[in-house]
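Enquirer: Input: one structure, supplied below.
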Amino acid sequence: MDPKYNVQAASYQANQARRLPISEAAPIYENLLTAFPTAAKYWTQYAEAQMAANDDEATKNIFSRCLMKCRHLPLWQTYINFIRRVNANNGQEGQDLIRKAFDFVISCVGDDITSGPVWLDYISFLKSSNQIVSLRKAYQKAFLTPNHHMDQLWSEYQSFENTYNKDLAKSLLAEFSHKFKGAKAAYWERRNVVKDIDFGMLAVPPTGSPREEGQWMAWKKLLAFDKENRQRIDIASCNKRIELAYEQCLMYLCHYPDMWYDYAMWLVKSGSMDAAVKVFERALKAVPESEMLRYAYADLEESRGEIKAAKKIYESLLGDGGTGTSPGLAQIQFLRFLRRTEGIEAARSYFLEARKSPNCTYNVYVAYANIALCHDKNMKLAHNVFEAGMKLFMHEPEYILEYLEHLIRLNDDMNARALFERALCSLPTEKSVEILNRFVKFEQTYGNLTSMLKVEQRKKEALSRIGGEEQPLSLESSLQDVVSRYSFRNLCPCSMKDLDHLTRQESLSRNKNRKVDSSSPVPTEAKPSVVPDSSVPVSTKVVYPATNQTTPTTAVVPNTVLQSQTPVAGNVQTTMALVGGDPKFDDILKTTPALVAFLTNMPQQVGGPTPDVDVVLSFVLQSDIPSNSTSRKRKANEWEVVKEVKHQPIFPVDVFKMRQLQKYHPTGSQTGSASCGSSSCSSGDYTVVTRNTI
């Protein structure tokens, strides 16, 4: 992340600026607000510092820069305080300006859940002006807006109506009482949604942290809640509330392209096309590197008939020099745009210009060839475009595959075969695998059995050379070849069980009888120093793991600390103690010679990659590891529970209780259902044999 988005450093600078005179603090604030242009708390602090210095012009300039992009209530309260202070002594004209400022604030942030203090200040101002009609309207709007002070506002409204006209108050209160209950219910639901939002965070580019993702989800929930309109208010008021939620969301998530796009698309759906255009313009300033937003903006302009504006957006994408996330994509999309809006000739002219650019990729050739074929119906031009591209991209398998698909689509099997041969002659074997795969499918559709078998054999020979040496096993025919040859889409000439069996057998055959590569950097000291005794019952059908596929990246030096001299049966003298010479593990090895044989034959490649799990499992399944019939019995001094069922139903023995009885009554007897002696306790119909000491 860019160092300018360091939140801790920004907080430290803001605290330092608070202690400095405004002449020294102003540059600090400007730097902070350049990095965090939607940080309402820094704008508020900056404005308050200018107000403290009595610099009204600088304060007005700050508010003009920040109010509309920071719908944060404390900032707007600071604005109201500034307007009231400036116009306090201007008579009626000043009062009118203050009222207009209140109306402006209420229209912009009046639907905020924390807007209660602003409503109370507005009502208090109207009371001082003795404007009854305006006061009644303000009250009715205030307590129907879900906010933290709506109970206080409702109570004051009841007192207000009862003071002037009790008959009118009775009808009005009866009418608005039901609406107030609905607003109150909406308030509680909205409060539960808003509580997860952190209104103090700063807008930084997304890093994928859980905190950022949590805030993204919280804002999504709030927007979804407002769109549901559970309060059942009119559409205009609901849209106004949703707009406020989007504006507040973008204060904190302005680096998230999806939030800008959602906002613009909601405005389009609401019929506010001009507002959506302004949102896209703001989005491109906030996230200038987002190609997605530019394409979406171009779509919007094109859809409403603003072709020149859309073309300007595409030209800005091309002006980046093709250095976007996908080189050549802007040229391809501009080709399509020109074909849609100006015709095929305009697209052709641009292609002739674009092919000279160093940023032109093979995708541009493919795109224009498809345009010529699908829209201009000019097969010759499409063929010429592909042939022109072959001079530049002959060594690009993807381009050759696109050319082949073009020929196959035209049912031109002769030229397709010729292109297959050209490609296989020019491409190295490593890059020709996909071409061969497509060649096999092509022959299955257009060729006969002889040509199919011939291409399959060429594919096998090519694959056998990729490993660096001939592998005779890979040249042999197998039933897998038949399955591959006679499958079609999701149809297969065998069951899934048979297919799984064939795949497994092919894997086992590929790894059978392989030896460690002589070029492996493993020294002889690192190889197992033990050969299992012939008397050890190891299966002769064992398929050993492919140790030449587990070549370590660095030479393995044997660690003598990890070796344990463990005597075993027969001629086996030593083995590797894989757990660092643990005596318990040594005891296990003494009693299980088959396990010794298994571990001895495992590849000792501790420095390289992990062997194939399937091969290791097959090795284990094929090993004849006998079950240990001579398992050790419990010693006499261990706990043994002997159940002697008589005439009562079986229930579990409480061993813990038996321990407590023996601990506190080592001799004698316990009156009740249990008695303890020197070595035994009896409980009911059960006899528990225990140790003398615990």
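Within each chain, counting starts at residue 1; across the structure tokens, chains are named A, B, ... in the order shown, with ligands numbered 1 upward in that order.
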Given only C-alpha atoms, how would the per-residue table for region 344-461 of chain A near region 299-323 of chain A read, listing every residue at most 10 Å away with its closest atom pair and distance in Å to one decimal, sorted by chain and number, as a tab-separated table?

Expert:
```
residue	atom	partner	partner_atom	distance
A:Ser357	CA	A:Gly321	CA	9.5
A:Pro358	CA	A:Gly322	CA	9.4
A:Asn359	CA	A:Gly322	CA	6.1
A:Cys360	CA	A:Gly322	CA	8.4
```

Enquirer: Please provide the set of residues having any atom within 12 Å of Val194 (chain A), restricted to only C-alpha atoms, with same-chain residues fewer than 4 positions apart removed, written as a list in words.

Expert: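 Neighbouring residues, sequence-local ones excluded: Asp112, Ile113, Thr114, Pro146, Asn147, Tyr187, Trp188, Glu189, Arg190, Asp198, Phe199, Gln215, Met217, Ala218, Trp219, Lys220, Lys221, Leu222, Leu223, Ala224, Phe225, Asp226, Ala245, Gln248 and Cys249 of chain A.
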
Enquirer: Store the residues picked out above in a file with C-alpha atoms, as a compact mmCIF listing (two decimals), in the first residue's frame.

Expert:
```txt
# COMPACT_ATOMS: atom_id res chain seq x y z
CA ASP A 112 -29.22 10.43 9.15
CA ILE A 113 -29.95 8.36 12.24
CA THR A 114 -27.91 10.85 14.32
CA PRO A 146 -35.79 7.40 12.30
CA ASN A 147 -33.26 9.08 14.62
CA TYR A 187 -35.70 3.12 13.78
CA TRP A 188 -35.02 0.06 15.90
CA GLU A 189 -34.35 -2.09 12.84
CA ARG A 190 -32.11 0.53 11.28
CA ASP A 198 -17.33 2.32 11.93
CA PHE A 199 -17.86 6.02 11.16
CA GLN A 215 -17.28 -2.74 6.92
CA MET A 217 -20.69 -6.05 4.44
CA ALA A 218 -22.14 -3.61 7.00
CA TRP A 219 -22.67 -0.93 4.36
CA LYS A 220 -24.20 -3.46 2.00
CA LYS A 221 -26.68 -4.43 4.71
CA LEU A 222 -27.61 -0.80 5.36
CA LEU A 223 -28.17 -0.13 1.66
CA ALA A 224 -30.28 -3.27 1.30
CA PHE A 225 -32.33 -2.27 4.34
CA ASP A 226 -33.03 1.23 3.00
CA ALA A 245 -26.63 6.04 2.50
CA GLN A 248 -21.98 8.20 3.36
CA CYS A 249 -20.78 4.77 2.26
```

Enquirer: Tell me which protein, DNA and RNA residues are within 7 Å of Ala382 (chain A), counting only C-alpha atoms, leaving out same-chain ones fewer than 3 positions away, and put them as a list in words.

Expert: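 Contacts, in chain order: Ala369, Asn370, Ala372, Leu373, Asn378, Met379, Val385 and Phe386 of chain A.
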
Enquirer: Would you save the residues from that selection as a tab-separated table (two decimals), in the first residue's frame, using N, CA and C atoms?

Expert:
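So the final result, stored in out-v8.tsv, reads:
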```tsv
chain	number	residue	atom	x	y	z
A	369	ALA	N	-10.59	-10.26	-37.20
A	369	ALA	CA	-10.98	-11.33	-38.13
A	369	ALA	C	-12.39	-11.81	-37.84
A	370	ASN	N	-12.74	-11.93	-36.56
A	370	ASN	CA	-14.10	-12.35	-36.21
A	370	ASN	C	-15.12	-11.29	-36.60
A	372	ALA	N	-14.81	-9.23	-39.15
A	372	ALA	CA	-14.94	-9.32	-40.60
A	372	ALA	C	-15.79	-10.51	-41.02
A	373	LEU	N	-15.66	-11.60	-40.30
A	373	LEU	CA	-16.41	-12.80	-40.66
A	373	LEU	C	-17.87	-12.72	-40.23
A	378	ASN	N	-17.27	-11.40	-44.66
A	378	ASN	CA	-16.17	-11.42	-45.61
A	378	ASN	C	-15.16	-12.48	-45.17
A	379	MET	N	-15.34	-13.70	-45.68
A	379	MET	CA	-14.47	-14.81	-45.29
A	379	MET	C	-13.05	-14.62	-45.80
A	385	VAL	N	-6.52	-11.73	-42.69
A	385	VAL	CA	-6.10	-11.19	-41.38
A	385	VAL	C	-5.37	-12.26	-40.59
A	386	PHE	N	-5.91	-13.47	-40.57
A	386	PHE	CA	-5.25	-14.55	-39.84
A	386	PHE	C	-3.87	-14.86	-40.45
```

Enquirer: Expressed in Å to a single decimal, how great is the separation between CA of Asn384 (chain A) and CA of Ile435 (chain A)?

Expert: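 Rounded to one decimal, the two atoms are 21.4 Å apart.
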
Enquirer: Hey, what's within 10 Å of Asn31 (chain A) if we count only C-alpha atoms and toss same-chain stuff fewer than 4 positions away? As a list in words, please?

Expert: Lys4, Ala10, Gln13, Ala26, Pro27, Ala35, Phe36 and Pro37 of chain A

Enquirer: Any chance you can output those residues with C-alpha atoms as a PDB file, in the first residue's frame?

Expert:
```pdb
ATOM      1  CA  LYS A   4       0.492   8.115   2.073  1.00  0.00           C
ATOM      2  CA  ALA A  10      -2.172  10.577   9.554  1.00  0.00           C
ATOM      3  CA  GLN A  13      -0.080  14.549  12.078  1.00  0.00           C
ATOM      4  CA  ALA A  26      -2.759  24.563   7.149  1.00  0.00           C
ATOM      5  CA  PRO A  27      -0.082  22.773   5.044  1.00  0.00           C
ATOM      6  CA  ALA A  35      -4.467  11.563   0.839  1.00  0.00           C
ATOM      7  CA  PHE A  36      -7.877  11.310   2.551  1.00  0.00           C
ATOM      8  CA  PRO A  37     -10.254  13.668   0.692  1.00  0.00           C
TER       9      PRO A  37
END
```

Enquirer: Name the closest residue to Cys108 (chain A) among the candidates A:Ser237, A:Glu48, A:Lys227, A:Pro21; distances are taken between atoms, counting only C-alpha atoms.

Expert: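 Of A:Ser237, A:Glu48, A:Lys227, A:Pro21, the one nearest Cys108 (chain A) is A:Ser237, counting only C-alpha atoms.
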
Enquirer: Kindly indicate which residue among A:Ala9, A:Ile235, A:Ala423, A:Ala418 lies nearest to Glu398 (chain A), using only C-alpha atoms for the distances.

Expert: A:Ala423

Enquirer: In terms of the shortest atom-to-atom distance over only C-alpha atoms, which of A:Phe160, A:Phe102, A:Tyr246, A:Trp119 is closest to His148 (chain A)?

Expert: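 The answer is A:Trp119, which sits nearest to His148 (chain A).
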
Enquirer: Can you tell me which residues surround Val268 (chain A) at a distance of at most 10 Å, considering only C-alpha atoms, apart from same-chain residues fewer than 6 positions away, and format the answer as a PyMOL selection string?

Expert: chain A and resi 262+274-277+300

Enquirer: Hey, which of A:His255, A:Arg232, A:Arg241, A:Lys497 ends up closest to Val204 (chain A)? Count only C-alpha atoms.

Expert: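 Checking each candidate against Val204 (chain A), we get A:His255 as the closest.
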
Enquirer: Can you tell me, as a ChimeraX atom specification, which residues in region 242-412 of chain A count as alpha helix (DSSP H) by DSSP?

Expert: /A:242-252,257-269,273-286,291-303,307-318,329-341,344-354,362-374,379-393,397-409

Enquirer: Determine, counting only C-alpha atoms, which protein, DNA and RNA residues have an atom within 12 Å of an atom of region 443-445 of chain A; residues of the same chain fewer than 5 positions away are not included. Present the result as JSON, numbers by chain.

Expert: {"A": [408, 411, 413, 414, 416, 417, 420, 436, 437, 438, 450, 451, 452, 453, 454, 455, 456, 482, 484, 485, 486, 487, 488]}

Enquirer: Taking C-alpha atoms for each residue, export the selection above as a compact mmCIF listing (two decimals), in the first residue's frame.

Expert:
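Output file out.txt follows:
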```txt
# COMPACT_ATOMS: atom_id res chain seq x y z
CA ILE A 408 -12.90 -25.61 -38.69
CA ASN A 411 -15.47 -26.50 -42.63
CA ASP A 413 -10.55 -29.26 -43.33
CA MET A 414 -7.84 -29.17 -46.01
CA ALA A 416 -6.88 -26.89 -41.25
CA ARG A 417 -4.70 -30.00 -41.77
CA PHE A 420 -1.71 -28.33 -38.11
CA LEU A 436 -1.75 -32.10 -30.74
CA ASN A 437 -4.77 -32.44 -28.49
CA ARG A 438 -6.82 -30.35 -30.90
CA THR A 450 -5.91 -44.68 -39.84
CA SER A 451 -5.42 -40.92 -39.52
CA MET A 452 -6.75 -41.00 -35.95
CA LEU A 453 -4.26 -43.67 -34.89
CA LYS A 454 -1.45 -41.88 -36.66
CA VAL A 455 -2.06 -38.58 -34.87
CA GLU A 456 -2.45 -40.33 -31.52
CA VAL A 482 -9.87 -46.25 -26.61
CA SER A 484 -10.39 -41.06 -25.14
CA ARG A 485 -11.03 -41.91 -28.80
CA TYR A 486 -14.67 -42.90 -28.36
CA SER A 487 -15.80 -40.35 -25.79
CA PHE A 488 -18.03 -37.47 -26.86
```

Enquirer: Identify which of the residues A:Met251, A:Ala388, A:Leu329, A:Ala47 lies closest to Met292 (chain A), counting only C-alpha atoms when measuring atom-to-atom distances.

Expert: A:Leu329
